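Peer 1: Handing over coords15.pdb, PDB, C-alpha atoms.
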ATOM      1  CA  MET H   1      29.786  -7.623 -17.380
ATOM      2  CA  ALA H   2      26.877  -8.076 -14.956
ATOM      3  CA  ASN H   3      23.656  -6.492 -16.145
ATOM      4  CA  SER H   4      23.410  -4.014 -13.278
ATOM      5  CA  GLU H   5      26.997  -2.922 -13.869
ATOM      6  CA  LEU H   6      26.313  -2.406 -17.568
ATOM      7  CA  HIS H   7      23.209  -0.420 -16.675
ATOM      8  CA  GLU H   8      25.218   1.762 -14.296
ATOM      9  CA  ASN H   9      27.922   2.343 -16.945
ATOM     10  CA  VAL H  10      25.433   3.449 -19.576
ATOM     11  CA  ILE H  11      23.842   5.864 -17.088
ATOM     12  CA  LEU H  12      27.260   7.275 -16.150
ATOM     13  CA  GLU H  13      28.127   7.701 -19.828
ATOM     14  CA  LEU H  14      24.886   9.588 -20.374
ATOM     15  CA  ARG H  15      25.659  11.893 -17.461
ATOM     16  CA  ARG H  16      29.340  12.437 -18.244
ATOM     17  CA  GLY H  17      28.868  14.657 -21.271
ATOM     18  CA  VAL H  18      26.787  17.217 -19.466
ATOM     19  CA  ILE H  19      29.109  17.544 -16.480
ATOM     20  CA  VAL H  20      31.388  20.018 -18.291
ATOM     21  CA  LEU H  21      28.447  22.267 -19.069
ATOM     22  CA  ALA H  22      27.068  21.901 -15.533
ATOM     23  CA  VAL H  23      30.449  22.767 -13.985
ATOM     24  CA  LEU H  24      31.016  25.817 -16.195
ATOM     25  CA  SER H  25      27.486  27.072 -15.537
ATOM     26  CA  GLN H  26      27.932  26.754 -11.761
ATOM     27  CA  LEU H  27      31.336  28.395 -11.418
ATOM     28  CA  ASP H  28      30.280  31.983 -11.861
ATOM     29  CA  GLU H  29      30.540  31.945  -8.119
ATOM     30  CA  GLU H  30      33.784  30.290  -6.978
ATOM     31  CA  GLN H  31      33.594  26.885  -5.307
ATOM     32  CA  TYR H  32      36.035  24.324  -3.978
ATOM     33  CA  GLY H  33      35.648  20.746  -5.186
ATOM     34  CA  TYR H  34      33.433  19.435  -2.438
ATOM     35  CA  SER H  35      31.139  22.469  -2.320
ATOM     36  CA  LEU H  36      30.679  22.215  -6.096
ATOM     37  CA  LEU H  37      29.925  18.489  -5.765
ATOM     38  CA  LYS H  38      27.200  19.258  -3.214
ATOM     39  CA  ARG H  39      25.807  22.068  -5.327
ATOM     40  CA  LEU H  40      25.532  19.815  -8.400
ATOM     41  CA  ALA H  41      23.886  17.067  -6.315
ATOM     42  CA  GLU H  42      21.390  19.532  -4.814
ATOM     43  CA  GLN H  43      20.311  20.427  -8.321
ATOM     44  CA  GLY H  44      19.913  16.801  -9.280
ATOM     45  CA  LEU H  45      23.237  15.879 -10.904
ATOM     46  CA  GLU H  46      25.115  13.259  -8.889
ATOM     47  CA  VAL H  47      28.808  13.259  -9.805
ATOM     48  CA  ASP H  48      31.462  11.373  -7.908
ATOM     49  CA  GLN H  49      34.759  12.871  -6.745
ATOM     50  CA  GLY H  50      36.759  10.572  -9.008
ATOM     51  CA  THR H  51      35.020  12.159 -11.985
ATOM     52  CA  LEU H  52      34.765  15.758 -10.820
ATOM     53  CA  TYR H  53      38.250  16.443  -9.465
ATOM     54  CA  PRO H  54      40.185  15.317 -12.572
ATOM     55  CA  LEU H  55      37.655  17.224 -14.701
ATOM     56  CA  LEU H  56      38.286  20.451 -12.759
ATOM     57  CA  ARG H  57      42.037  20.064 -13.310
ATOM     58  CA  ARG H  58      41.531  19.343 -16.995
ATOM     59  CA  LEU H  59      39.227  22.335 -17.504
ATOM     60  CA  GLU H  60      41.800  24.527 -15.805
ATOM     61  CA  ALA H  61      44.588  23.122 -18.016
ATOM     62  CA  GLN H  62      42.364  23.899 -21.020
ATOM     63  CA  GLY H  63      41.993  27.478 -19.809
ATOM     64  CA  LEU H  64      38.252  27.273 -19.125
ATOM     65  CA  LEU H  65      38.626  27.535 -15.336
ATOM     66  CA  GLU H  66      40.946  29.423 -13.007
ATOM     67  CA  SER H  67      41.818  28.449  -9.469
ATOM     68  CA  ASP H  68      43.800  29.400  -6.415
ATOM     69  CA  TRP H  69      44.573  27.906  -3.059
ATOM     70  CA  ARG H  70      43.186  29.541   0.041
ATOM     71  CA  ILE H  71      43.052  28.604   3.711
ATOM     72  CA  ALA H  72      39.423  28.170   4.778
ATOM     73  CA  GLU H  73      38.208  26.642   8.040
ATOM     74  CA  GLY H  74      41.861  25.950   8.937
ATOM     75  CA  ARG H  75      42.771  23.945   5.824
ATOM     76  CA  PRO H  76      43.971  24.676   2.304
ATOM     77  CA  ARG H  77      41.317  24.505  -0.367
ATOM     78  CA  ARG H  78      41.548  25.033  -4.062
ATOM     79  CA  TYR H  79      38.827  27.407  -5.232
ATOM     80  CA  TYR H  80      37.726  27.242  -8.871
ATOM     81  CA  ARG H  81      35.845  29.804 -10.935
ATOM     82  CA  ILE H  82      35.091  30.164 -14.621
ATOM     83  CA  SER H  83      37.785  31.983 -16.676
ATOM     84  CA  PRO H  84      37.056  34.660 -19.291
ATOM     85  CA  ALA H  85      37.620  31.994 -21.997
ATOM     86  CA  GLY H  86      35.160  29.658 -20.257
ATOM     87  CA  ARG H  87      32.630  32.443 -19.958
ATOM     88  CA  ALA H  88      33.057  33.237 -23.648
ATOM     89  CA  MET H  89      32.368  29.600 -24.563
ATOM     90  CA  LEU H  90      29.316  29.158 -22.346
ATOM     91  CA  PRO H  91      26.601  30.634 -24.635
ATOM     92  CA  ALA H  92      27.588  28.337 -27.538
ATOM     93  CA  LEU H  93      27.605  25.332 -25.208
ATOM     94  CA  LYS H  94      24.174  26.189 -23.841
ATOM     95  CA  SER H  95      22.876  26.623 -27.344
ATOM     96  CA  GLU H  96      24.284  23.216 -28.373
ATOM     97  CA  TRP H  97      22.681  21.748 -25.255
ATOM     98  CA  GLN H  98      19.284  23.112 -26.302
ATOM     99  CA  ASN H  99      19.807  21.568 -29.748
ATOM    100  CA  ILE H 100      20.557  18.188 -28.185
ATOM    101  CA  VAL H 101      17.516  18.364 -25.912
ATOM    102  CA  GLN H 102      15.285  19.209 -28.874
ATOM    103  CA  ALA H 103      16.810  16.434 -31.000
ATOM    104  CA  MET H 104      16.137  13.892 -28.231
ATOM    105  CA  GLU H 105      12.555  15.106 -27.871
ATOM    106  CA  ARG H 106      12.034  14.644 -31.599
ATOM    107  CA  MET H 107      13.458  11.111 -31.431
ATOM    108  CA  PHE H 108      11.295  10.049 -28.514
ATOM    109  CA  LYS H 109       8.259  11.519 -30.229
ATOM    110  CA  ALA H 110       9.061   9.740 -33.507
ATOM    111  CA  GLN H 111       9.476   6.488 -31.587
ATOM    112  CA  THR H 112       6.094   6.833 -29.871
ATOM    113  CA  GLU H 113       4.432   7.505 -33.221
ATOM    114  CA  ASP H 114       6.004   4.337 -34.686
ATOM    115  CA  ILE H 115       4.313   2.122 -32.101
TER     116      ILE H 115
ATOM    117  CA  MET X 116      45.207  23.438 -28.339
ATOM    118  CA  ALA X 117      43.718  26.133 -30.575
ATOM    119  CA  ASN X 118      40.603  27.765 -29.175
ATOM    120  CA  SER X 119      38.332  26.567 -31.959
ATOM    121  CA  GLU X 120      39.585  23.004 -31.548
ATOM    122  CA  LEU X 121      38.960  23.150 -27.804
ATOM    123  CA  HIS X 122      35.497  24.506 -28.475
ATOM    124  CA  GLU X 123      34.792  21.660 -30.906
ATOM    125  CA  ASN X 124      36.048  19.065 -28.394
ATOM    126  CA  VAL X 125      33.832  20.346 -25.617
ATOM    127  CA  ILE X 126      30.817  20.268 -27.962
ATOM    128  CA  LEU X 127      31.641  16.690 -29.031
ATOM    129  CA  GLU X 128      31.996  15.659 -25.399
ATOM    130  CA  LEU X 129      28.583  17.138 -24.635
ATOM    131  CA  ARG X 130      27.045  15.228 -27.527
ATOM    132  CA  ARG X 131      28.811  11.917 -26.923
ATOM    133  CA  GLY X 132      26.896  10.909 -23.813
ATOM    134  CA  VAL X 133      23.496  11.123 -25.449
ATOM    135  CA  ILE X 134      24.436   9.137 -28.534
ATOM    136  CA  VAL X 135      23.890   5.794 -26.785
ATOM    137  CA  LEU X 136      20.380   6.839 -25.797
ATOM    138  CA  ALA X 137      19.676   8.244 -29.264
ATOM    139  CA  VAL X 138      20.874   5.041 -30.960
ATOM    140  CA  LEU X 139      18.865   2.736 -28.695
ATOM    141  CA  SER X 140      15.745   4.854 -29.133
ATOM    142  CA  GLN X 141      16.053   4.781 -32.938
ATOM    143  CA  LEU X 142      16.728   1.081 -33.407
ATOM    144  CA  ASP X 143      13.232  -0.184 -32.784
ATOM    145  CA  GLU X 144      13.205  -0.276 -36.547
ATOM    146  CA  GLU X 145      16.380  -1.908 -37.920
ATOM    147  CA  GLN X 146      18.935   0.298 -39.651
ATOM    148  CA  TYR X 147      22.365  -0.111 -41.178
ATOM    149  CA  GLY X 148      25.097   2.275 -40.073
ATOM    150  CA  TYR X 149      24.700   4.908 -42.721
ATOM    151  CA  SER X 150      20.888   4.983 -42.632
ATOM    152  CA  LEU X 151      21.041   5.403 -38.847
ATOM    153  CA  LEU X 152      23.574   8.212 -39.241
ATOM    154  CA  LYS X 153      21.228  10.024 -41.632
ATOM    155  CA  ARG X 154      18.251   9.446 -39.374
ATOM    156  CA  LEU X 155      20.069  10.904 -36.359
ATOM    157  CA  ALA X 156      21.207  13.913 -38.414
ATOM    158  CA  GLU X 157      17.681  14.514 -39.717
ATOM    159  CA  GLN X 158      16.503  14.769 -36.148
ATOM    160  CA  GLY X 159      19.249  17.199 -35.261
ATOM    161  CA  LEU X 160      22.018  15.018 -33.822
ATOM    162  CA  GLU X 161      25.142  15.103 -35.989
ATOM    163  CA  VAL X 162      27.360  12.097 -35.289
ATOM    164  CA  ASP X 163      30.336  11.118 -37.384
ATOM    165  CA  GLN X 164      31.006   7.603 -38.670
ATOM    166  CA  GLY X 165      34.154   7.288 -36.584
ATOM    167  CA  THR X 166      32.010   7.686 -33.472
ATOM    168  CA  LEU X 167      28.896   5.786 -34.528
ATOM    169  CA  TYR X 168      30.316   2.610 -36.047
ATOM    170  CA  PRO X 169      32.534   1.619 -33.091
ATOM    171  CA  LEU X 170      29.627   2.483 -30.782
ATOM    172  CA  LEU X 171      27.298   0.118 -32.657
ATOM    173  CA  ARG X 172      29.838  -2.700 -32.308
ATOM    174  CA  ARG X 173      30.324  -1.958 -28.629
ATOM    175  CA  LEU X 174      26.581  -1.882 -27.908
ATOM    176  CA  GLU X 175      26.221  -5.217 -29.673
ATOM    177  CA  ALA X 176      29.116  -6.690 -27.665
ATOM    178  CA  GLN X 177      27.344  -5.428 -24.525
ATOM    179  CA  GLY X 178      24.185  -7.212 -25.613
ATOM    180  CA  LEU X 179      22.099  -4.044 -26.103
ATOM    181  CA  LEU X 180      21.897  -4.402 -29.884
ATOM    182  CA  GLU X 181      21.623  -7.326 -32.283
ATOM    183  CA  SER X 182      22.733  -7.361 -35.899
ATOM    184  CA  ASP X 183      22.969  -9.461 -39.037
ATOM    185  CA  TRP X 184      24.463  -9.109 -42.465
ATOM    186  CA  ARG X 185      22.150  -8.863 -45.426
ATOM    187  CA  ILE X 186      22.604  -8.096 -49.112
ATOM    188  CA  ALA X 187      20.768  -4.887 -49.977
ATOM    189  CA  GLU X 188      21.128  -2.900 -53.184
ATOM    190  CA  GLY X 189      23.758  -5.413 -54.295
ATOM    191  CA  ARG X 190      26.078  -5.076 -51.328
ATOM    192  CA  PRO X 191      26.387  -6.564 -47.853
ATOM    193  CA  ARG X 192      25.120  -4.386 -45.056
ATOM    194  CA  ARG X 193      25.034  -4.988 -41.367
ATOM    195  CA  TYR X 194      21.581  -4.212 -39.998
ATOM    196  CA  TYR X 195      21.272  -3.327 -36.335
ATOM    197  CA  ARG X 196      18.203  -3.383 -34.084
ATOM    198  CA  ILE X 197      17.659  -3.071 -30.352
ATOM    199  CA  SER X 198      17.887  -6.370 -28.401
ATOM    200  CA  PRO X 199      15.450  -7.435 -25.677
ATOM    201  CA  ALA X 200      18.081  -6.392 -23.078
ATOM    202  CA  GLY X 201      18.418  -2.992 -24.767
ATOM    203  CA  ARG X 202      14.676  -2.583 -24.833
ATOM    204  CA  ALA X 203      14.487  -3.484 -21.148
ATOM    205  CA  MET X 204      17.054  -0.807 -20.303
ATOM    206  CA  LEU X 205      15.506   1.973 -22.357
ATOM    207  CA  PRO X 206      12.839   3.232 -19.900
ATOM    208  CA  ALA X 207      15.426   3.709 -17.130
ATOM    209  CA  LEU X 208      17.739   5.540 -19.539
ATOM    210  CA  LYS X 209      14.955   7.839 -20.687
ATOM    211  CA  SER X 210      14.032   8.543 -17.116
ATOM    212  CA  GLU X 211      17.677   9.378 -16.272
ATOM    213  CA  TRP X 212      17.743  11.639 -19.334
ATOM    214  CA  GLN X 213      14.691  13.523 -18.060
ATOM    215  CA  ASN X 214      16.424  13.928 -14.689
ATOM    216  CA  ILE X 215      19.509  15.356 -16.388
ATOM    217  CA  VAL X 216      17.455  17.774 -18.498
ATOM    218  CA  GLN X 217      15.629  18.992 -15.389
ATOM    219  CA  ALA X 218      18.876  19.338 -13.434
ATOM    220  CA  MET X 219      20.384  21.459 -16.226
ATOM    221  CA  GLU X 220      17.277  23.653 -16.364
ATOM    222  CA  ARG X 221      17.556  24.250 -12.616
ATOM    223  CA  MET X 222      21.234  25.171 -12.967
ATOM    224  CA  PHE X 223      20.676  27.633 -15.796
ATOM    225  CA  LYS X 224      17.793  29.164 -13.875
ATOM    226  CA  ALA X 225      19.884  29.472 -10.697
ATOM    227  CA  GLN X 226      22.636  31.122 -12.723
ATOM    228  CA  THR X 227      20.284  33.700 -14.252
ATOM    229  CA  GLU X 228      18.938  34.548 -10.808
ATOM    230  CA  ASP X 229      22.484  35.113  -9.493
ATOM    231  CA  ILE X 230      23.159  37.833 -12.045
TER     232      ILE X 230
END
Can you present the structure in this file as structure tokens?

Peer 2:
Amino acid sequence: MANSELHENVILELRRGVIVLAVLSQLDEEQYGYSLLKRLAEQGLEVDQGTLYPLLRRLEAQGLLESDWRIAEGRPRRYYRISPAGRAMLPALKSEWQNIVQAMERMFKAQTEDI
Amino acid sequence: MANSELHENVILELRRGVIVLAVLSQLDEEQYGYSLLKRLAEQGLEVDQGTLYPLLRRLEAQGLLESDWRIAEGRPRRYYRISPAGRAMLPALKSEWQNIVQAMERMFKAQTEDI
């Protein structure tokens, strides 16, 4: 694997885990795929369609999202929003996220002190 | 899937992405699998062996870690440390991590303001 490709893969892997949390946190207000993609990017999380769209379908299959088709601007769009089950899971996910962030801060700090 | 199992899977998914960064940041000082596992747990990141050990082998195959076997406490152990290529990648990964943390903070903030 070329070095730049490896680099890109490791970055994508790092980002992938948080996308579920990002998506659930942003779907209080319903969005169709592309509007959600733009919203995530505006807030600093670049996700490509090939990652986001299958994830939306999976989260719906898992019962964490709900969706329906609607005609908007003359074309059918599938609008997603968080389900009651997704909403119920969100506080625990956010709390785990805070734990992870704190753990990483501790590790970086420990590493600096080693040097 | 039972609700608690789904919950557990989403948590694991959230954690998985950061494990590569955590491992690279902790292998300045060489560690064998189990000592690394304990070190990560002490700093608040619980990872199971079934996740960590294959990851160590993959990161070595990708050239980001180096390892050798040594006899310690009467048994062979494989000691891992970060490679020069891993070390070269670390600043960019940390920087991407900071971007992700900031993006998530913005999203949670935006969500609170919506309510």

Peer 1: Enumerate, in order of chain and increasing residue number, the residues of chain X with an atom no farther than 6 Å from chain H, each with its shortest atom pair and distance in Å to one decimal, counting all atoms listed in the file, as a Markdown table.

Peer 2:
| residue | atom | partner | partner_atom | distance |
| --- | --- | --- | --- | --- |
| X:Glu128 | CA | H:Gly17 | CA | 5.3 |
| X:Leu129 | CA | H:Gly17 | CA | 4.2 |
| X:Gly132 | CA | H:Leu14 | CA | 4.2 |
| X:Val133 | CA | H:Leu14 | CA | 5.5 |
| X:Gln158 | CA | H:Ala103 | CA | 5.4 |
| X:Gly159 | CA | H:Ala103 | CA | 5.0 |
| X:Ala218 | CA | H:Gly44 | CA | 5.0 |

Peer 1: So what do you get for atom CA of Ser210 of chain X versus atom CA of Val47 of chain H, distance-wise?

Peer 2: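 Atom CA of Val47 of chain H lies 17.1 Å from atom CA of Ser210 of chain X.
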
Peer 1: If we count all atoms listed in the file, what is near Gln146 of chain X at a cut-off of 9 Å, once residues fewer than 3 positions away on the same chain are taken out, given as a list in words?

Peer 2: Gln141, Leu142, Asp143, Tyr149, Ser150, Leu151, Arg193, Tyr194, Tyr195 and Arg196 of chain X

Peer 1: For a test of reading the model, state the distance in Å between atom CA of Leu170 of chain X and atom CA of Gly148 of chain X, rounded to one decimal.

Peer 2: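 Atom-to-atom, atom CA of Leu170 of chain X to atom CA of Gly148 of chain X, that is 10.3 Å.
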
Peer 1: Smallest atom-to-atom distance to Arg75 of chain H: which of H:Leu37, H:Glu5, H:Tyr32, H:Arg58, using all atoms listed in the file?

Peer 2: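 Using all atoms listed in the file, Arg75 of chain H sits closest to H:Tyr32.
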
Peer 1: What does the distance from atom CA of Arg57 of chain H to atom CA of Leu24 of chain H come to in Å, to one decimal?

Peer 2: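 Going from atom CA of Arg57 of chain H over to atom CA of Leu24 of chain H, I get 12.8 Å.
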
Peer 1: Quick test: take segment 51-93 of chain H, keep N, CA and C atoms, and write it as a PDB file, in the first residue's frame.

Peer 2:
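Final output, saved to selection-v9.pdb:
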ATOM      1  N   THR H  51     -19.966   6.195   2.511  1.00  0.00           N
ATOM      2  CA  THR H  51     -19.967   5.811   3.928  1.00  0.00           C
ATOM      3  C   THR H  51     -21.300   6.154   4.570  1.00  0.00           C
ATOM      4  N   LEU H  52     -21.788   7.372   4.286  1.00  0.00           N
ATOM      5  CA  LEU H  52     -22.975   7.855   4.997  1.00  0.00           C
ATOM      6  C   LEU H  52     -24.255   7.110   4.620  1.00  0.00           C
ATOM      7  N   TYR H  53     -24.488   6.917   3.313  1.00  0.00           N
ATOM      8  CA  TYR H  53     -25.778   6.370   2.901  1.00  0.00           C
ATOM      9  C   TYR H  53     -26.004   4.944   3.412  1.00  0.00           C
ATOM     10  N   PRO H  54     -25.003   4.058   3.284  1.00  0.00           N
ATOM     11  CA  PRO H  54     -25.202   2.714   3.880  1.00  0.00           C
ATOM     12  C   PRO H  54     -25.373   2.783   5.406  1.00  0.00           C
ATOM     13  N   LEU H  55     -24.685   3.728   6.044  1.00  0.00           N
ATOM     14  CA  LEU H  55     -24.806   3.862   7.499  1.00  0.00           C
ATOM     15  C   LEU H  55     -26.231   4.269   7.891  1.00  0.00           C
ATOM     16  N   LEU H  56     -26.818   5.199   7.139  1.00  0.00           N
ATOM     17  CA  LEU H  56     -28.196   5.618   7.429  1.00  0.00           C
ATOM     18  C   LEU H  56     -29.145   4.422   7.327  1.00  0.00           C
ATOM     19  N   ARG H  57     -28.960   3.616   6.274  1.00  0.00           N
ATOM     20  CA  ARG H  57     -29.831   2.437   6.115  1.00  0.00           C
ATOM     21  C   ARG H  57     -29.608   1.443   7.244  1.00  0.00           C
ATOM     22  N   ARG H  58     -28.364   1.266   7.640  1.00  0.00           N
ATOM     23  CA  ARG H  58     -28.087   0.328   8.735  1.00  0.00           C
ATOM     24  C   ARG H  58     -28.692   0.814  10.049  1.00  0.00           C
ATOM     25  N   LEU H  59     -28.529   2.114  10.332  1.00  0.00           N
ATOM     26  CA  LEU H  59     -29.072   2.646  11.594  1.00  0.00           C
ATOM     27  C   LEU H  59     -30.594   2.549  11.607  1.00  0.00           C
ATOM     28  N   GLU H  60     -31.201   2.697  10.424  1.00  0.00           N
ATOM     29  CA  GLU H  60     -32.654   2.514  10.384  1.00  0.00           C
ATOM     30  C   GLU H  60     -33.022   1.043  10.624  1.00  0.00           C
ATOM     31  N   ALA H  61     -32.287   0.131   9.994  1.00  0.00           N
ATOM     32  CA  ALA H  61     -32.544  -1.305  10.195  1.00  0.00           C
ATOM     33  C   ALA H  61     -32.362  -1.683  11.666  1.00  0.00           C
ATOM     34  N   GLN H  62     -31.441  -0.999  12.344  1.00  0.00           N
ATOM     35  CA  GLN H  62     -31.207  -1.273  13.770  1.00  0.00           C
ATOM     36  C   GLN H  62     -32.233  -0.578  14.671  1.00  0.00           C
ATOM     37  N   GLY H  63     -33.086   0.226  14.064  1.00  0.00           N
ATOM     38  CA  GLY H  63     -34.146   0.878  14.841  1.00  0.00           C
ATOM     39  C   GLY H  63     -33.735   2.190  15.484  1.00  0.00           C
ATOM     40  N   LEU H  64     -32.550   2.705  15.119  1.00  0.00           N
ATOM     41  CA  LEU H  64     -32.077   3.944  15.748  1.00  0.00           C
ATOM     42  C   LEU H  64     -32.505   5.181  14.959  1.00  0.00           C
ATOM     43  N   LEU H  65     -32.882   4.978  13.704  1.00  0.00           N
ATOM     44  CA  LEU H  65     -33.407   6.065  12.867  1.00  0.00           C
ATOM     45  C   LEU H  65     -34.750   5.641  12.287  1.00  0.00           C
ATOM     46  N   GLU H  66     -35.522   6.636  11.877  1.00  0.00           N
ATOM     47  CA  GLU H  66     -36.760   6.403  11.128  1.00  0.00           C
ATOM     48  C   GLU H  66     -36.663   7.228   9.848  1.00  0.00           C
ATOM     49  N   SER H  67     -37.370   6.807   8.815  1.00  0.00           N
ATOM     50  CA  SER H  67     -37.321   7.615   7.601  1.00  0.00           C
ATOM     51  C   SER H  67     -38.629   7.527   6.847  1.00  0.00           C
ATOM     52  N   ASP H  68     -38.875   8.499   5.980  1.00  0.00           N
ATOM     53  CA  ASP H  68     -39.913   8.341   4.973  1.00  0.00           C
ATOM     54  C   ASP H  68     -39.566   9.141   3.727  1.00  0.00           C
ATOM     55  N   TRP H  69     -40.172   8.683   2.639  1.00  0.00           N
ATOM     56  CA  TRP H  69     -39.961   9.347   1.356  1.00  0.00           C
ATOM     57  C   TRP H  69     -40.893  10.534   1.257  1.00  0.00           C
ATOM     58  N   ARG H  70     -40.409  11.604   0.661  1.00  0.00           N
ATOM     59  CA  ARG H  70     -41.245  12.765   0.419  1.00  0.00           C
ATOM     60  C   ARG H  70     -40.776  13.412  -0.881  1.00  0.00           C
ATOM     61  N   ILE H  71     -41.714  14.082  -1.567  1.00  0.00           N
ATOM     62  CA  ILE H  71     -41.310  14.799  -2.778  1.00  0.00           C
ATOM     63  C   ILE H  71     -40.905  16.212  -2.356  1.00  0.00           C
ATOM     64  N   ALA H  72     -39.680  16.595  -2.657  1.00  0.00           N
ATOM     65  CA  ALA H  72     -39.213  17.944  -2.324  1.00  0.00           C
ATOM     66  C   ALA H  72     -38.436  18.478  -3.511  1.00  0.00           C
ATOM     67  N   GLU H  73     -38.730  19.724  -3.890  1.00  0.00           N
ATOM     68  CA  GLU H  73     -38.110  20.325  -5.075  1.00  0.00           C
ATOM     69  C   GLU H  73     -38.262  19.398  -6.292  1.00  0.00           C
ATOM     70  N   GLY H  74     -39.474  18.809  -6.422  1.00  0.00           N
ATOM     71  CA  GLY H  74     -39.798  17.999  -7.599  1.00  0.00           C
ATOM     72  C   GLY H  74     -39.181  16.620  -7.671  1.00  0.00           C
ATOM     73  N   ARG H  75     -38.523  16.156  -6.600  1.00  0.00           N
ATOM     74  CA  ARG H  75     -37.952  14.802  -6.647  1.00  0.00           C
ATOM     75  C   ARG H  75     -38.119  14.094  -5.302  1.00  0.00           C
ATOM     76  N   PRO H  76     -38.170  12.759  -5.362  1.00  0.00           N
ATOM     77  CA  PRO H  76     -38.348  12.020  -4.105  1.00  0.00           C
ATOM     78  C   PRO H  76     -37.072  12.045  -3.281  1.00  0.00           C
ATOM     79  N   ARG H  77     -37.252  12.295  -1.995  1.00  0.00           N
ATOM     80  CA  ARG H  77     -36.098  12.264  -1.091  1.00  0.00           C
ATOM     81  C   ARG H  77     -36.470  11.492   0.159  1.00  0.00           C
ATOM     82  N   ARG H  78     -35.510  10.763   0.647  1.00  0.00           N
ATOM     83  CA  ARG H  78     -35.754  10.014   1.877  1.00  0.00           C
ATOM     84  C   ARG H  78     -35.266  10.844   3.051  1.00  0.00           C
ATOM     85  N   TYR H  79     -36.195  11.223   3.921  1.00  0.00           N
ATOM     86  CA  TYR H  79     -35.857  12.034   5.088  1.00  0.00           C
ATOM     87  C   TYR H  79     -35.664  11.141   6.311  1.00  0.00           C
ATOM     88  N   TYR H  80     -34.563  11.348   6.988  1.00  0.00           N
ATOM     89  CA  TYR H  80     -34.237  10.563   8.202  1.00  0.00           C
ATOM     90  C   TYR H  80     -34.344  11.434   9.444  1.00  0.00           C
ATOM     91  N   ARG H  81     -34.761  10.825  10.522  1.00  0.00           N
ATOM     92  CA  ARG H  81     -34.739  11.489  11.842  1.00  0.00           C
ATOM     93  C   ARG H  81     -34.447  10.421  12.890  1.00  0.00           C
ATOM     94  N   ILE H  82     -34.030  10.855  14.047  1.00  0.00           N
ATOM     95  CA  ILE H  82     -33.719   9.905  15.119  1.00  0.00           C
ATOM     96  C   ILE H  82     -35.020   9.279  15.630  1.00  0.00           C
ATOM     97  N   SER H  83     -34.973   7.983  15.968  1.00  0.00           N
ATOM     98  CA  SER H  83     -36.163   7.280  16.503  1.00  0.00           C
ATOM     99  C   SER H  83     -36.167   7.415  18.025  1.00  0.00           C
ATOM    100  N   PRO H  84     -37.265   7.070  18.677  1.00  0.00           N
ATOM    101  CA  PRO H  84     -37.262   7.071  20.148  1.00  0.00           C
ATOM    102  C   PRO H  84     -36.140   6.189  20.719  1.00  0.00           C
ATOM    103  N   ALA H  85     -35.874   5.034  20.098  1.00  0.00           N
ATOM    104  CA  ALA H  85     -34.796   4.161  20.595  1.00  0.00           C
ATOM    105  C   ALA H  85     -33.431   4.840  20.433  1.00  0.00           C
ATOM    106  N   GLY H  86     -33.248   5.534  19.301  1.00  0.00           N
ATOM    107  CA  GLY H  86     -31.993   6.260  19.088  1.00  0.00           C
ATOM    108  C   GLY H  86     -31.823   7.374  20.111  1.00  0.00           C
ATOM    109  N   ARG H  87     -32.918   8.067  20.353  1.00  0.00           N
ATOM    110  CA  ARG H  87     -32.884   9.168  21.323  1.00  0.00           C
ATOM    111  C   ARG H  87     -32.563   8.632  22.725  1.00  0.00           C
ATOM    112  N   ALA H  88     -33.105   7.466  23.024  1.00  0.00           N
ATOM    113  CA  ALA H  88     -32.861   6.864  24.343  1.00  0.00           C
ATOM    114  C   ALA H  88     -31.397   6.456  24.498  1.00  0.00           C
ATOM    115  N   MET H  89     -30.753   6.094  23.377  1.00  0.00           N
ATOM    116  CA  MET H  89     -29.361   5.644  23.451  1.00  0.00           C
ATOM    117  C   MET H  89     -28.363   6.800  23.482  1.00  0.00           C
ATOM    118  N   LEU H  90     -28.778   7.957  23.004  1.00  0.00           N
ATOM    119  CA  LEU H  90     -27.854   9.069  22.797  1.00  0.00           C
ATOM    120  C   LEU H  90     -27.087   9.512  24.054  1.00  0.00           C
ATOM    121  N   PRO H  91     -27.740   9.671  25.207  1.00  0.00           N
ATOM    122  CA  PRO H  91     -26.974  10.116  26.390  1.00  0.00           C
ATOM    123  C   PRO H  91     -25.828   9.167  26.756  1.00  0.00           C
ATOM    124  N   ALA H  92     -26.052   7.856  26.672  1.00  0.00           N
ATOM    125  CA  ALA H  92     -24.989   6.897  27.003  1.00  0.00           C
ATOM    126  C   ALA H  92     -23.850   6.990  25.988  1.00  0.00           C
ATOM    127  N   LEU H  93     -24.199   7.210  24.722  1.00  0.00           N
ATOM    128  CA  LEU H  93     -23.166   7.344  23.695  1.00  0.00           C
ATOM    129  C   LEU H  93     -22.335   8.601  23.915  1.00  0.00           C
TER     130      LEU H  93
END
